[in-house]
>>> print(open('query-v7.tsv').read())   # TSV, C-alpha atoms
chain	number	residue	atom	x	y	z
A	487	MET	CA	-42.49	60.33	-174.80
A	488	LEU	CA	-41.66	60.43	-178.49
A	489	ALA	CA	-40.93	63.70	-180.23
A	490	ALA	CA	-43.52	64.92	-182.74
A	491	GLY	CA	-43.24	62.93	-185.98
A	492	ALA	CA	-40.90	60.35	-184.45
A	493	ASP	CA	-41.06	56.69	-185.46
A	494	VAL	CA	-42.00	54.19	-182.74
A	495	LYS	CA	-38.92	52.18	-183.83
A	496	ALA	CA	-36.88	54.73	-181.86
A	497	ILE	CA	-37.99	52.94	-178.68
A	498	ALA	CA	-36.40	49.68	-179.85
A	499	GLU	CA	-33.25	51.54	-180.91
A	500	LEU	CA	-32.91	53.11	-177.46
A	501	CYS	CA	-34.10	50.23	-175.24
A	502	GLY	CA	-33.54	47.07	-177.29
A	503	ARG	CA	-30.15	46.33	-175.73
A	504	PHE	CA	-31.89	45.94	-172.34
A	505	GLY	CA	-34.46	43.42	-173.59
A	506	ILE	CA	-37.96	44.77	-174.17
A	507	LYS	CA	-40.57	42.62	-172.37
A	508	GLY	CA	-43.47	44.72	-173.59
A	509	THR	CA	-44.52	48.06	-175.02
A	510	GLN	CA	-47.93	49.64	-174.55
A	511	ASP	CA	-49.11	52.69	-176.50
A	512	LEU	CA	-50.76	55.05	-174.00
A	513	GLY	CA	-51.68	57.63	-176.65
A	514	ARG	CA	-50.32	61.11	-177.40
A	515	ASN	CA	-46.85	59.72	-178.18
A	516	LEU	CA	-46.58	58.15	-174.68
A	517	PHE	CA	-45.46	54.54	-174.30
A	518	LEU	CA	-45.11	52.20	-171.33
A	519	VAL	CA	-41.99	50.10	-171.90
A	520	ARG	CA	-41.11	47.14	-169.68
A	521	LEU	CA	-37.49	46.00	-169.81
A	522	THR	CA	-35.87	42.69	-168.89
A	523	GLU	CA	-32.73	44.44	-167.59
A	524	ASP	CA	-33.66	47.88	-166.27
A	525	PRO	CA	-30.60	50.17	-166.35
A	526	GLY	CA	-32.45	52.87	-164.39
A	527	PRO	CA	-33.70	56.31	-165.38
A	528	ALA	CA	-30.27	57.99	-165.27
A	529	LYS	CA	-28.76	55.64	-167.90
A	530	LEU	CA	-31.85	55.83	-170.11
A	531	GLU	CA	-31.81	59.62	-169.87
A	532	GLU	CA	-28.15	59.62	-170.89
A	533	LEU	CA	-28.97	57.50	-173.94
A	534	ARG	CA	-32.06	59.61	-174.71
A	535	GLY	CA	-29.80	62.63	-175.04
A	536	GLN	CA	-28.25	60.91	-178.07
A	537	ASN	CA	-31.60	60.28	-179.80
A	538	ALA	CA	-33.65	63.29	-180.94
A	539	GLN	CA	-36.71	61.08	-181.57
A	540	ILE	CA	-37.16	60.41	-177.83
A	541	LYS	CA	-38.44	63.54	-176.09
A	542	SER	CA	-38.37	62.32	-172.49
A	543	ILE	CA	-37.92	59.31	-170.20
A	544	GLN	CA	-39.79	58.66	-166.96
A	545	PRO	CA	-39.61	55.72	-164.54
A	546	ASN	CA	-42.56	53.35	-164.28
A	547	PHE	CA	-43.90	54.07	-160.81
A	548	VAL	CA	-45.66	51.20	-159.01
A	549	TYR	CA	-48.94	52.09	-157.34
A	550	ARG	CA	-51.18	49.99	-155.14
A	551	ALA	CA	-54.91	50.22	-154.65
A	552	SER	CA	-56.15	50.26	-151.06
A	553	GLY	CA	-59.38	48.54	-152.05
A	554	ARG	CA	-61.49	51.64	-151.46
A	555	GLY	CA	-60.88	53.24	-154.81
A	556	ASN	CA	-57.81	55.08	-153.53
A	557	ILE	CA	-54.47	54.69	-155.21
A	558	GLN	CA	-51.36	55.06	-153.06
>>> encode(input="query-v7.tsv", output="structure tokens")
Amino acid sequence: MLAAGADVKAIAELCGRFGIKGTQDLGRNLFLVRLTEDPGPAKLEELRGQNAQIKSIQPNFVYRASGRGNIQ
């Protein structure tokens, strides 16, 4: 999540060194970022602490649909 008033370029500044495969704007300053080399949430959180434009980091959880409309 980007901080209020932050520039989306902050994502590239934080994550660019890991190779950005794709970025999707989810609205409300939330972005889904797919990396070529994922350093893990702990490393990204460490780097986020050095960039006031990035408010928070969360892992991309993988979900599967059971085929009945339920997500697991």
>>> residues_around(input="query-v7.tsv", residues="Ala492 (chain A)", least_positions_apart="5", cutoff="9 Å", atoms="all atoms listed in the file", output="list in words")
Asn515, Ala538, Gln539 and Ile540 of chain A
>>> residues_around(input="query-v7.tsv", residues="Lys495 (chain A)", least_positions_apart="5", cutoff="12 Å", atoms="only C-alpha atoms", output="PDB file with C-alpha atoms, in the frame of the given file")
ATOM      1  CA  LEU A 488     -41.660  60.430-178.490  1.00  0.00           C
ATOM      2  CA  LEU A 500     -32.910  53.110-177.460  1.00  0.00           C
ATOM      3  CA  CYS A 501     -34.100  50.230-175.240  1.00  0.00           C
ATOM      4  CA  GLY A 502     -33.540  47.070-177.290  1.00  0.00           C
ATOM      5  CA  THR A 509     -44.520  48.060-175.020  1.00  0.00           C
ATOM      6  CA  PHE A 517     -45.460  54.540-174.300  1.00  0.00           C
ATOM      7  CA  ASN A 537     -31.600  60.280-179.800  1.00  0.00           C
ATOM      8  CA  GLN A 539     -36.710  61.080-181.570  1.00  0.00           C
ATOM      9  CA  ILE A 540     -37.160  60.410-177.830  1.00  0.00           C
TER      10      ILE A 540
END
>>> closest_residue(input="query-v7.tsv", among="A:Val494, A:Ala489, A:Glu532, A:Ser542", to="Asp511 (chain A)", atoms="only C-alpha atoms")
A:Val494
>>> residues_around(input="query-v7.tsv", residues="region 519-525 of chain A", least_positions_apart="4", cutoff="9 Å", atoms="all atoms listed in the file", output="PyMOL selection string")
chain A and resi 497+501-511+529-530+546
>>> closest_residue(input="query-v7.tsv", among="A:Ala490, A:Leu512, A:Ala498, A:Ala528", to="Gln544 (chain A)", atoms="only C-alpha atoms")
A:Ala528
>>> atom_distance(input="query-v7.tsv", atom1="CA of Ala496 (chain A)", atom2="CA of Lys541 (chain A)")
10.6 Å
>>> axis_aligned_box(input="query-v7.tsv", around="region 487-505 of chain A", padding_each_side="3 Å", output="lines of an AutoDock Vina configuration file")
center_x = -36.8
center_y = 54.2
center_z = -179.2
size_x = 19.4
size_y = 27.5
size_z = 19.6
>>> residues_near_point(input="query-v7.tsv", point="(-35.6, 53.3, -164.2)", cutoff="6 Å", atoms="only C-alpha atoms", output="tab-separated table (two decimals) with C-alpha atoms, keeping the file's coordinate frame")
chain	number	residue	atom	x	y	z
A	526	GLY	CA	-32.45	52.87	-164.39
A	527	PRO	CA	-33.70	56.31	-165.38
A	545	PRO	CA	-39.61	55.72	-164.54
>>> build_atoms(input="query-v7.tsv", residues="region 493-505 of chain A", atoms="N, CA, C and O atoms", output="mmCIF file, in the coordinates of the input")
data_model
loop_
_atom_site.group_PDB
_atom_site.id
_atom_site.type_symbol
_atom_site.label_atom_id
_atom_site.label_comp_id
_atom_site.auth_asym_id
_atom_site.auth_seq_id
_atom_site.Cartn_x
_atom_site.Cartn_y
_atom_site.Cartn_z
ATOM 1 N N ASP A 493 -40.659 58.063 -185.162
ATOM 2 C CA ASP A 493 -41.060 56.690 -185.460
ATOM 3 C C ASP A 493 -40.972 55.863 -184.182
ATOM 4 O O ASP A 493 -39.990 55.963 -183.436
ATOM 5 N N VAL A 494 -41.965 55.030 -183.938
ATOM 6 C CA VAL A 494 -42.000 54.190 -182.740
ATOM 7 C C VAL A 494 -40.783 53.251 -182.676
ATOM 8 O O VAL A 494 -40.408 52.779 -181.606
ATOM 9 N N LYS A 495 -40.128 53.010 -183.798
ATOM 10 C CA LYS A 495 -38.920 52.180 -183.830
ATOM 11 C C LYS A 495 -37.801 52.776 -182.990
ATOM 12 O O LYS A 495 -36.879 52.076 -182.584
ATOM 13 N N ALA A 496 -37.897 54.077 -182.692
ATOM 14 C CA ALA A 496 -36.880 54.730 -181.860
ATOM 15 C C ALA A 496 -36.826 54.115 -180.471
ATOM 16 O O ALA A 496 -35.775 54.089 -179.838
ATOM 17 N N ILE A 497 -37.955 53.584 -179.994
ATOM 18 C CA ILE A 497 -37.990 52.940 -178.680
ATOM 19 C C ILE A 497 -37.105 51.701 -178.695
ATOM 20 O O ILE A 497 -36.309 51.484 -177.784
ATOM 21 N N ALA A 498 -37.225 50.885 -179.734
ATOM 22 C CA ALA A 498 -36.400 49.680 -179.850
ATOM 23 C C ALA A 498 -34.927 50.040 -180.006
ATOM 24 O O ALA A 498 -34.058 49.360 -179.451
ATOM 25 N N GLU A 499 -34.643 51.111 -180.733
ATOM 26 C CA GLU A 499 -33.250 51.540 -180.910
ATOM 27 C C GLU A 499 -32.638 51.957 -179.574
ATOM 28 O O GLU A 499 -31.485 51.656 -179.292
ATOM 29 N N LEU A 500 -33.416 52.627 -178.740
ATOM 30 C CA LEU A 500 -32.910 53.110 -177.460
ATOM 31 C C LEU A 500 -32.874 51.997 -176.411
ATOM 32 O O LEU A 500 -31.898 51.857 -175.678
ATOM 33 N N CYS A 501 -33.926 51.195 -176.350
ATOM 34 C CA CYS A 501 -34.100 50.230 -175.240
ATOM 35 C C CYS A 501 -33.817 48.783 -175.598
ATOM 36 O O CYS A 501 -33.744 47.940 -174.707
ATOM 37 N N GLY A 502 -33.677 48.465 -176.861
ATOM 38 C CA GLY A 502 -33.540 47.070 -177.290
ATOM 39 C C GLY A 502 -32.405 46.330 -176.628
ATOM 40 O O GLY A 502 -32.525 45.144 -176.319
ATOM 41 N N ARG A 503 -31.318 46.991 -176.346
ATOM 42 C CA ARG A 503 -30.150 46.330 -175.730
ATOM 43 C C ARG A 503 -30.441 45.834 -174.310
ATOM 44 O O ARG A 503 -29.685 45.044 -173.770
ATOM 45 N N PHE A 504 -31.534 46.337 -173.699
ATOM 46 C CA PHE A 504 -31.890 45.940 -172.340
ATOM 47 C C PHE A 504 -33.000 44.884 -172.318
ATOM 48 O O PHE A 504 -33.444 44.484 -171.258
ATOM 49 N N GLY A 505 -33.425 44.436 -173.486
ATOM 50 C CA GLY A 505 -34.460 43.420 -173.590
ATOM 51 C C GLY A 505 -35.839 43.979 -173.306
ATOM 52 O O GLY A 505 -36.190 44.208 -172.159
#
